[in-house]
Amino acid sequence: MNSDPAGASAGPHTSTWKQADRLLLTTGRHGGWWIWSLALAALLVASAEILLPTALGRTLDAVPGGGHITWALLACATLIAIMVAGKVISDIATGQSNARCTAWLRMTLVRHLVAIGPAAIRRFETGDLVTRVTRNASEAGQVGITAVMVGIGLLPPVGSVIALTLIDPWVGLTALAGLLAMAGLLRVFVRDNTETIRGYLHSQGLIAARLLDALSGTRTIAAAGSIERERRRILQPLPGLREHGMGMWRNQVRMTSQAAVIGPLLQLSVVGVAGFGVVAGRLSVGELYAASRYAVMAGGIGSAVGLLNKLSRARAGGRRAAEVLTEPVARYGDARLPDCSGKGGRLEFRGVRVSAAGDTVIDGLDLVVPAGATVAVVGRSGGGKSLLAALAGRLADPERGQVLLDGVPLPDLSQAELRGAVGFAFERPALVGHTIEDVINFGPGNPTAGKVRQAAASARADTFIERLPQGYRTELAAAPLSGGEMQRLGLARAFAHSYRVLILDDATSSLDTVTERQVGAVLAGGYRNQTRLIIAHRAATAARTDLVAWLDRGNLRGLRPHSELWRDPDYRALFGAEAVPAQPLGVPA
Amino acid sequence: MPPPLNCATNTVPRVLLAALRRYPGALVRLAVWSVLEVLPLLLSGYGVAHALDDGFLAGRPGTGAAWLGVLAVAVLVGALATRHVYRILAEIVEPFRDDLVNNVVGGALQRSTVLGGRPDSGAVARLTHQVEVVRDNFAGLLLLTTGFVVSTVSAVIGMATLTGVVGLLVLPPLLVGLTVFLVSLRSMMTRQRDYVLTDEAVAESASTVAHSLRDVVACGAEDRACAQVQRQVDAHADAERTLARMTAVRTLSVAVGGWLPVVGLLVAAPWLLATGSTLGIIAGALVYLTQGLLPALKALVDGLGVGGMKLVVTLDRLVEAGERPVPQETAQRRVPQGHDLRLDGVTFSYGRHAEPVVDQVNLLIPQGQHLAMVGPSGAGKSTLAGLLAATHVPDRGVVRLGGVPVGDLSSHTLASHRVLIPQEAYVFAGTVGENLRYLHPAATGTELDTVVDALGLRSVVARLGGYDAVVDPGTLSAGERQLIAVARAHLTPAPVLILDEATCHLDPVAEERVERVLAARGGTLIVVAHRISSALRAQRIVLMDGANMLAGTHGELLANSPLYRDLVGLWDMGQGSMVRDTVVRETTGRSSL
């Protein structure tokens, strides 16, 4: 069922506008009743806005007579109060809804990311992923409010055309003609701008990715004194950014200046037509004033430009979020493992084939790692050792063949069962957690403080941790760690949990010979309740294991104890210099 | 707790003013076009009043239409002005954005490359989000402040031409509204700052998860990782809600400053009529208020309250995290005489209270020597390498290259005399050739070929598609990256090479080849040994063991150092005792041979 490794068939950019819009709809729903409060408040504001010019006009008309001025004034004041109160409510609702929608989308993205797993990094740059979770999600999170506001924002213009028609049909017709011209402009704008914004975001992502690259090589850059050169390299896409930025401005200029003509001209025509009405005695001065206000309001459709702009940003953001969310996630079954009665798990590879970057790295591998055994995996670098380690814990799935733990194919296992059974220690562990203690107990279950300390001792991490300002409670961010120290924390993390199978992917490479030997002794000795698969580069490491799995050209060349394989010169050659005898020992007294 | 906003009062305005001062011409044009832009507004009430009083109300529609025609011309001029205003804005804002990007990148590089600096994880958020916030709001701020000033002035002038008294009606509420708003600004700034800080925390936690996906999945700790991000996301959502409440205050100040004058005008209307104003004048005044003053005030309050605050707080963060001016390099451009490296009484510790990692070290490394540094991890090998490479500055003592204290050498001279290859090999997304020529851009194709072949990189280069193919660093193994870094160093003419565990990800065969090739290259070769085998290939070995340091040949160290014997002996055991105690083995495993 899992023969197709997660996402092998889907590219990163297969999501469409349709998928983005569907995602945005779901996102918007998370505004909950705040969206409805906003809609209601905005509706009240819009109605008051529509009524206000009429009320103002009536007041003007009442002035010369002095008759109903009090009532008319009162009506104006009430409408203004409603507008202010409604605006206050919609301000708060906007914040609430945006906060909720954004938070939901961000967490949905993060949960999906961890569900995709390491494959996500093969599809997207990490900096780019962060942008999607932060900026793009927050833009997309505004979709609910923006959509409502675009909808309700249309009411005053529409209402004002109706009001104009009620005042005088000719005036109404004049306004309608102007509005139609405006609507045509808006449509063109949304289409143009969405593409420009996408281009802009792309250039920005390029710069971010280059910067992240450079930040990974800071020692080299510092020693070479090449900061300036790095800056130039990172900023290479800057002219592209500027170009797209100017494109956005060009769209803005066109739109705004057209709006600046059409709106006021519309108003003037309305005032003109109404003026003739006044001359003909059909209209009062108050009605003319109201008509001129309504004309402005009708032109307010132009101010929806800002909102539509926001909506197109929300769509662009939604699409970038959807691109992540359409990536397939790793699937788990619901099977459980048989009891291994405390002697470790039996790991079996059956006809496994995997390729990386188009090359078949492992082809038809059969290998059994006996329960409770410590098995080294050796082979030339690039020979698929790390891939084998990844397969053993489903950090990758084989294209063909099966990996079984105690007789159960790994994909059948539930996530909790699999992660509780197979643990990893890496060459370059990524440490997650607030404090050092959190870093070590990071994993399934919650190891006790005692177990954490024991694990740290086994990984020879205890002494340097105790030297830190607050020991195990030191914040990770406040503890500068060397590569060897990080590796030892990664080992401690693996030791703190009781796994059936522990996979060490070159996890002691940064340790000095003495420490490596001490950790090696811990791994080799102690209780035999765990199966260990150790990716090894050193003969000494291989020598301390029960069996050595020798990978050669994508397949198993031998599975025997180190001492037996050692007779083979090809095997010895793997360790190169380590196989060359040193100067005779025992020279000194 | 976030540091006080002291910079905001100081630096931010300075940065903004500097950005504006760079384009004085543009500013003048902006002012001129802004004035023209409000021409329709300036004439609006006046025109309407006359169109009514002299035209439509007087039964002369032709005159009324003519006044409206004048207004239409003003509108066209205004629209033309709008076009220019936006173009000028783009001219000011886009270069400013470029400067900001440049500054963010420079600051991130600078802070990450100083001694003890860590990769700056917030840089991406600053680059993608904060710079954009500043860009948008800087433009907005320019637009709305010029807009407010010009509109308010023209509305007041317009009203004054209609009737002088009305101005008095307008000013008190306008001032009250503005005062309410300005008083609340400080609190808004704090909230806005919380908003920005929590946003950064979100980015940081998301970045941690993105970088540790493999480990999160391998540990089955998806929920825990998500919970960490969730905390930050929730905090940011709270900040956003609080911020929204501040908007209410602004709405109220607009109500007072903008709408009260309208009500006031209407209340006073009968009295105005009685004292000689016409209906047209009152209508015109109403136009100035509702079309001129009110929108301008609303724009100012919203703009300053949201955009302006965002601009100040965000720009403050950017400036804080931006580039610091670099002190000029020492005037004395000294050149090393020969390439002996010499340490005299060198002491170094990380932090004031930390124990010295290197203590009172004296060492002479003659030109051309092949030296290995060995010792347990944490013994200070990398620190010593850093001191030799002058990337670390000793607390006490002097490091000399060719007789000159390394502090007196310019970074350019240093770079051309010594190359440090750190453990974490740096390969960037450029072509293979660019990566190889990184330290020596003048290297020829033949030189590249020679080095690539010598180091066994040919197949990697071929797989990547040749020297002109662009590398995706993510597709290279750690070992391949190290080989590229070594090749890059080999290509330089620098007489001193320092390898700080630079081959730790290579298999022993490849490692030996690298060391052999580099030793044959000539010049000084200093290897911080990852495997003890590296020591055996060196002419001289420095053994570091905590505070003690011992130098000698392999034989001398064997004779004099128990620790060294231990290190070599342990390595030797790799060949000796290989058979472990018994374990029940399943036979299926072996049958696959």
# chains A, B, ... in the order shown; residues from 1 in each chain; ligands from 1
>>> residues_around(residues="region 102-113 of chain A", least_positions_apart="6", cutoff="6 Å", atoms="only C-alpha atoms", output="list of chain:residue names")
A:Val133, A:Ala137, A:Ser138, A:Gly141, B:Val233
>>> residues_around(residues="region 396-402 of chain A", least_positions_apart="5", cutoff="9 Å", atoms="only C-alpha atoms", output="list of chain:residue names")
A:Asn2, A:Ser3, A:Asp4, A:Pro5, A:Ala6, A:Pro118, A:Ala119, A:Glu348, A:Phe349, A:Arg350, A:Gly351, A:Val352, A:Arg353, A:Val354, A:Ser355, A:Asp363, A:Gly364, A:Leu365, A:Leu387, A:Leu388, A:Ala390, A:Leu391, A:Pro409, A:Leu410, A:Pro411
>>> residues_around(residues="Pro405 (chain B)", least_positions_apart="6", cutoff="9 Å", atoms="only C-alpha atoms", output="count of residues only")
3
>>> residues_around(residues="Asp223 (chain B)", least_positions_apart="6", cutoff="12 Å", atoms="only C-alpha atoms", output="JSON, numbers by chain")
{"A": [107, 110, 111, 112, 113, 114, 115, 415, 416, 442, 443, 444, 445], "B": [209, 216, 217, 229, 230]}
>>> atom_distance(atom1="CA of Leu574 (chain A)", atom2="CA of Gln487 (chain A)")
24.0 Å
>>> closest_residue(among="B:Ala160, B:Met309, B:Val12, B:Ala510", to="Leu455 (chain B)", atoms="only C-alpha atoms")
B:Ala510
